[in-house]
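Visitor: Below you'll find start20.cif; it's mmCIF, C-alpha atoms, pLDDT in the B column; chains and numbers go by the auth columns.
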```cif
data_model
#
loop_
_atom_site.group_PDB
_atom_site.id
_atom_site.type_symbol
_atom_site.label_atom_id
_atom_site.label_comp_id
_atom_site.label_asym_id
_atom_site.label_seq_id
_atom_site.Cartn_x
_atom_site.Cartn_y
_atom_site.Cartn_z
_atom_site.B_iso_or_equiv
_atom_site.auth_seq_id
_atom_site.auth_asym_id
ATOM 1 C CA MET A 1 64.218 47.781 110.721 52.00 1 A
ATOM 2 C CA LEU A 2 62.995 49.514 107.553 57.00 2 A
ATOM 3 C CA LYS A 3 59.687 47.685 107.939 61.00 3 A
ATOM 4 C CA PHE A 4 58.605 50.598 110.182 59.00 4 A
ATOM 5 C CA ILE A 5 58.999 52.917 107.211 60.00 5 A
ATOM 6 C CA VAL A 6 58.138 50.623 104.302 57.00 6 A
ATOM 7 C CA GLU A 7 54.803 49.632 105.849 65.00 7 A
ATOM 8 C CA PRO A 8 53.843 52.677 107.976 61.00 8 A
ATOM 9 C CA ARG A 9 50.140 51.787 108.111 68.00 9 A
ATOM 10 C CA ASN A 10 51.011 48.735 110.174 72.00 10 A
ATOM 11 C CA TYR A 11 53.004 50.860 112.626 77.00 11 A
ATOM 12 C CA GLU A 12 50.958 54.063 112.960 80.00 12 A
ATOM 13 C CA PHE A 13 50.523 53.261 116.662 82.00 13 A
ATOM 14 C CA PHE A 14 54.275 53.913 116.950 85.00 14 A
ATOM 15 C CA TRP A 15 54.524 56.942 114.663 88.00 15 A
ATOM 16 C CA ARG A 16 51.564 58.945 115.991 91.00 16 A
ATOM 17 C CA PRO A 17 52.929 59.442 119.538 93.00 17 A
ATOM 18 C CA LEU A 18 56.330 60.294 118.040 92.00 18 A
ATOM 19 C CA PHE A 19 54.679 62.854 115.743 94.00 19 A
ATOM 20 C CA CYS A 20 52.842 64.371 118.741 95.00 20 A
ATOM 21 C CA GLY A 21 56.110 64.569 120.689 96.00 21 A
ATOM 22 C CA ILE A 22 57.930 66.247 117.807 95.00 22 A
ATOM 23 C CA SER A 23 55.028 68.696 117.387 96.00 23 A
ATOM 24 C CA ILE A 24 55.051 69.614 121.083 96.00 24 A
ATOM 25 C CA ALA A 25 58.836 70.030 121.096 94.00 25 A
ATOM 26 C CA LEU A 26 58.682 72.177 117.966 94.00 26 A
ATOM 27 C CA LEU A 27 55.995 74.413 119.430 94.00 27 A
ATOM 28 C CA SER A 28 57.748 74.788 122.778 92.00 28 A
ATOM 29 C CA LEU A 29 61.083 75.641 121.159 89.00 29 A
ATOM 30 C CA THR A 30 59.658 78.094 118.635 89.00 30 A
ATOM 31 C CA LEU A 31 57.044 79.836 120.753 90.00 31 A
ATOM 32 C CA SER A 32 59.022 80.442 123.945 89.00 32 A
ATOM 33 C CA PRO A 33 60.854 83.762 124.339 86.00 33 A
ATOM 34 C CA LYS A 34 64.298 83.529 122.781 73.00 34 A
ATOM 35 C CA VAL A 35 67.321 83.872 125.013 66.00 35 A
ATOM 36 C CA VAL A 36 69.790 86.226 123.368 62.00 36 A
ATOM 37 C CA SER A 37 73.081 84.438 122.826 61.00 37 A
ATOM 38 C CA PRO A 38 76.322 86.437 122.993 56.00 38 A
ATOM 39 C CA VAL A 39 77.875 84.264 120.263 56.00 39 A
ATOM 40 C CA SER A 40 75.973 83.083 117.213 64.00 40 A
ATOM 41 C CA LEU A 41 76.680 81.920 113.704 69.00 41 A
ATOM 42 C CA ASN A 42 74.929 83.838 110.948 75.00 42 A
ATOM 43 C CA ASN A 43 71.734 82.139 109.838 75.00 43 A
ATOM 44 C CA ILE A 44 72.425 78.878 111.701 82.00 44 A
ATOM 45 C CA ASP A 45 68.783 78.980 112.776 85.00 45 A
ATOM 46 C CA LYS A 46 67.793 78.243 109.156 90.00 46 A
ATOM 47 C CA ILE A 47 69.466 74.835 109.518 92.00 47 A
ATOM 48 C CA TYR A 48 67.501 74.308 112.744 91.00 48 A
ATOM 49 C CA HIS A 49 64.270 75.166 110.900 93.00 49 A
ATOM 50 C CA LEU A 50 65.141 72.802 108.065 96.00 50 A
ATOM 51 C CA VAL A 51 65.915 69.877 110.384 96.00 51 A
ATOM 52 C CA ALA A 52 62.927 70.536 112.650 96.00 52 A
ATOM 53 C CA PHE A 53 60.430 70.671 109.805 97.00 53 A
ATOM 54 C CA ALA A 54 61.984 67.683 108.037 97.00 54 A
ATOM 55 C CA SER A 55 61.462 65.721 111.270 97.00 55 A
ATOM 56 C CA PHE A 56 57.956 67.126 111.643 97.00 56 A
ATOM 57 C CA SER A 57 56.793 66.333 108.096 97.00 57 A
ATOM 58 C CA GLY A 58 58.548 62.963 107.990 95.00 58 A
ATOM 59 C CA SER A 59 56.889 61.799 111.199 94.00 59 A
ATOM 60 C CA PHE A 60 53.599 63.362 110.014 95.00 60 A
ATOM 61 C CA ARG A 61 53.810 61.282 106.822 93.00 61 A
ATOM 62 C CA LEU A 62 54.506 58.088 108.749 90.00 62 A
ATOM 63 C CA ALA A 63 51.847 58.762 111.399 92.00 63 A
ATOM 64 C CA PHE A 64 49.126 59.514 108.855 92.00 64 A
ATOM 65 C CA SER A 65 50.195 57.524 105.811 88.00 65 A
ATOM 66 C CA SER A 66 46.725 57.555 104.266 89.00 66 A
ATOM 67 C CA LEU A 67 46.709 61.388 104.105 92.00 67 A
ATOM 68 C CA LYS A 68 47.385 62.676 100.591 95.00 68 A
ATOM 69 C CA ILE A 69 50.834 64.202 100.141 95.00 69 A
ATOM 70 C CA PHE A 70 49.378 67.511 98.931 97.00 70 A
ATOM 71 C CA TYR A 71 47.395 67.938 102.165 97.00 71 A
ATOM 72 C CA LEU A 72 50.330 66.877 104.319 97.00 72 A
ATOM 73 C CA ILE A 73 52.657 69.394 102.668 97.00 73 A
ATOM 74 C CA THR A 74 50.019 72.139 102.790 97.00 74 A
ATOM 75 C CA LEU A 75 49.231 71.554 106.489 97.00 75 A
ATOM 76 C CA SER A 76 52.912 71.353 107.414 97.00 76 A
ATOM 77 C CA CYS A 77 53.728 74.587 105.572 97.00 77 A
ATOM 78 C CA LEU A 78 50.743 76.368 107.130 97.00 78 A
ATOM 79 C CA PHE A 79 51.969 75.190 110.538 97.00 79 A
ATOM 80 C CA GLY A 80 55.327 76.858 109.826 96.00 80 A
ATOM 81 C CA VAL A 81 53.674 80.086 108.659 97.00 81 A
ATOM 82 C CA MET A 82 51.431 80.119 111.742 97.00 82 A
ATOM 83 C CA ILE A 83 54.450 79.750 113.998 96.00 83 A
ATOM 84 C CA GLU A 84 56.199 82.669 112.262 95.00 84 A
ATOM 85 C CA ILE A 85 53.130 84.893 112.624 96.00 85 A
ATOM 86 C CA VAL A 86 52.822 84.096 116.344 95.00 86 A
ATOM 87 C CA GLN A 87 56.566 84.719 116.835 93.00 87 A
ATOM 88 C CA HIS A 88 56.001 88.324 115.792 92.00 88 A
ATOM 89 C CA PHE A 89 54.213 88.862 119.128 93.00 89 A
ATOM 90 C CA ILE A 90 56.755 87.032 121.349 91.00 90 A
ATOM 91 C CA PRO A 91 59.622 88.932 123.035 87.00 91 A
ATOM 92 C CA ASN A 92 62.992 88.522 121.279 84.00 92 A
ATOM 93 C CA ARG A 93 61.316 86.676 118.394 87.00 93 A
ATOM 94 C CA SER A 94 60.426 87.987 114.959 89.00 94 A
ATOM 95 C CA PHE A 95 58.589 87.117 111.767 92.00 95 A
ATOM 96 C CA SER A 96 60.972 86.023 109.004 92.00 96 A
ATOM 97 C CA LEU A 97 60.300 85.047 105.410 95.00 97 A
ATOM 98 C CA ALA A 98 63.683 83.292 105.353 94.00 98 A
ATOM 99 C CA ASP A 99 62.501 81.095 108.251 94.00 99 A
ATOM 100 C CA ILE A 100 59.331 80.261 106.321 96.00 100 A
ATOM 101 C CA LEU A 101 61.433 79.287 103.309 97.00 101 A
ATOM 102 C CA ALA A 102 63.605 77.063 105.524 96.00 102 A
ATOM 103 C CA ASP A 103 60.425 75.510 106.991 97.00 103 A
ATOM 104 C CA VAL A 104 59.034 74.758 103.515 98.00 104 A
ATOM 105 C CA LEU A 105 62.342 73.251 102.365 98.00 105 A
ATOM 106 C CA GLY A 106 62.403 71.150 105.545 97.00 106 A
ATOM 107 C CA VAL A 107 58.853 69.932 104.899 98.00 107 A
ATOM 108 C CA LEU A 108 59.783 68.886 101.371 98.00 108 A
ATOM 109 C CA LEU A 109 62.996 67.250 102.555 98.00 109 A
ATOM 110 C CA GLY A 110 61.179 65.228 105.231 97.00 110 A
ATOM 111 C CA VAL A 111 58.560 63.990 102.765 96.00 111 A
ATOM 112 C CA LEU A 112 61.243 63.087 100.204 95.00 112 A
ATOM 113 C CA ILE A 113 63.326 61.194 102.758 93.00 113 A
ATOM 114 C CA VAL A 114 60.335 59.115 103.858 90.00 114 A
ATOM 115 C CA LYS A 115 59.376 58.512 100.212 89.00 115 A
ATOM 116 C CA TYR A 116 62.935 57.434 99.399 88.00 116 A
ATOM 117 C CA LEU A 117 63.185 55.109 102.394 84.00 117 A
ATOM 118 C CA SER A 118 59.775 53.617 101.695 80.00 118 A
ATOM 119 C CA THR A 119 60.924 52.442 98.256 78.00 119 A
ATOM 120 C CA TYR A 120 63.220 49.851 99.816 69.00 120 A
ATOM 121 C CA LYS A 121 61.976 46.320 99.469 56.00 121 A
ATOM 122 C CA ILE A 122 62.287 44.104 102.508 54.00 122 A
ATOM 123 C CA ARG A 123 64.272 40.992 101.685 51.00 123 A
ATOM 124 C CA ASP A 124 63.451 37.693 103.284 42.00 124 A
ATOM 125 C CA GLN A 125 66.301 36.667 105.510 43.00 125 A
#
```
Now that the file is in, can you turn its structure into C-alpha cells?
Guide:
Amino acid sequence: MLKFIVEPRNYEFFWRPLFCGISIALLSLTLSPKVVSPVSLNNIDKIYHLVAFASFSGSFRLAFSSLKIFYLITLSCLFGVMIEIVQHFIPNRSFSLADILADVLGVLLGVLIVKYLSTYKIRDQ
C-alpha cells in the first residue's frame, strides 16, 4: 500500500487526477459565498484551512514528485494567498492573515507527512 507514496513517480497517473479533484474542491469551497451559520466554534475554520492545505500540498507533492520542494511550497502558499485576496471581494467572506498562516502551516504539514511516509522501505513479503 505504501508503494503509492514511496515511489510516487511510478504512480503519478493516480495522484494527478486526485490533486486536480482536491484543487477543484478547495476552490469551490473557498470561493463560494459563505452561508452564515447560527452556531459556530471560534476559529474552527483554521483547522479546516490546515487540513485542506495539507491535503492540497501532499497530493501536489505526490502528483509532481520531480518538482523541487521549494517551488512546491512557494506555489502552494501563493495559492492560499490568492484565495484570501479573492475572498475579500466575495459576499460573507473576508481576507484574513490568520487564514493565510493556517494555509502555510497546512502546506508544510502536508509536505512533511508525505516526506515522512516516503521514508518507509517496502519489505519483500
Visitor: What are the closest atom pairs, with distances in Å to one decimal, for all residues of stretch 44-122 of chain A lying within 8 Å of stretch 27-36 of chain A? Consider all atoms listed in the file, order rows by chain and residue number, and present the result as a tab-separated table.
Guide:
```
residue	atom	partner	partner_atom	distance
A:Ile83	CA	A:Thr30	CA	7.2
A:Val86	CA	A:Leu31	CA	7.4
A:Gln87	CA	A:Leu31	CA	6.3
A:Ile90	CA	A:Pro33	CA	6.0
A:Pro91	CA	A:Pro33	CA	5.5
A:Asn92	CA	A:Lys34	CA	5.4
A:Arg93	CA	A:Lys34	CA	6.2
```
Visitor: Write out as a ChimeraX atom specification each polymer residue whose atoms come within 10 Å of stretch 56-68 of chain A, counting all atoms listed in the file; drop sequence neighbours fewer than 5 positions from it.
Guide: /A:4-23,25-26,50-51,73,75-77,103-104,106-115,118
Visitor: Could you work out how far atom CA of A:Leu117 lies from atom CA of A:Asn43, giving the answer in Å with one decimal?
Guide: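 Atom-to-atom, atom CA of A:Asn43 and atom CA of A:Leu117 are spaced 29.3 Å apart.
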Visitor: Show me, as JSON, the centre and edge lengths in Å to one decimal of the axis-aligned box that covers every listed atom of stretch 76-95 of chain A with 6 Å on each side.
Guide:
```
{"center_x": 56.9, "center_y": 80.1, "center_z": 114.3, "size_x": 24.2, "size_y": 29.6, "size_z": 29.5}
```
Visitor: One number please: atom CA of A:Ser55 to atom CA of A:His88, in Å, one decimal.
Guide: 23.7 Å
Visitor: Give me the residues within 9 Å of A:Ile85 as a list in words, counting all atoms listed in the file and dropping any in the same chain fewer than 5 places off.
Guide: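 Counting all atoms listed in the file, the residues come to Gly80, Ser94, Phe95 and Ser96 of chain A.
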Visitor: Pick from A:Leu105, A:Met82, A:Thr119, A:Asp99: nearest to A:Asp45, with all atoms listed in the file counted?
Guide: A:Asp99
Visitor: What separation in Å, quoted to one decimal, exists between atom CA of A:Leu72 and atom CA of A:Ile44?
Guide: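 Atom CA of A:Ile44 lies 26.2 Å from atom CA of A:Leu72.
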Visitor: Which residue, A:Ala102, A:Ile24, A:Phe89, A:Ile69, has the smallest gap to A:Phe53 when you use all atoms listed in the file?
Guide: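 Looking only at the distances to A:Phe53, the closest residue turns out to be A:Ala102.
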